[in-house]
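Undergrad: Next up is a structure, given as structure tokens.
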Amino acid sequence: MTYDRLVCANCASPVSEGRCPVCRAQRRMQQEGPLAGLTPAALIALLIALIAVAAVAHEVAV
């Protein structure tokens, strides 16, 4: 099923039309993506944390 054919459970119209607040929120989420709200500093911190976890896991495995 494609995004164009999804029907909103709140307003019973196609989500792609964005008639209600739920539809509009879903459209924004679909267009922007889940990481769109993160600042560059938060993305860098997330990357550093991921590298640290990978390094610790590698040390434990050895």
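Residue numbers start at 1 in each chain; chains themselves are named A, B, ... in the order of the structure tokens; ligands are numbered from 1 in the order shown.
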Set the distance at 9 Å and use only C-alpha atoms: which residues neighbour range 27-29 of chain A once local chain neighbours fewer than 5 positions away are removed? I'd like the list as a PyMOL selection string.

TA: chain A and resi 15-18+22+34+36

Undergrad: To one decimal place in Å, what is the distance between CA of Glu32 in chain A and CA of Ala45 in chain A?

TA: 20.5 Å
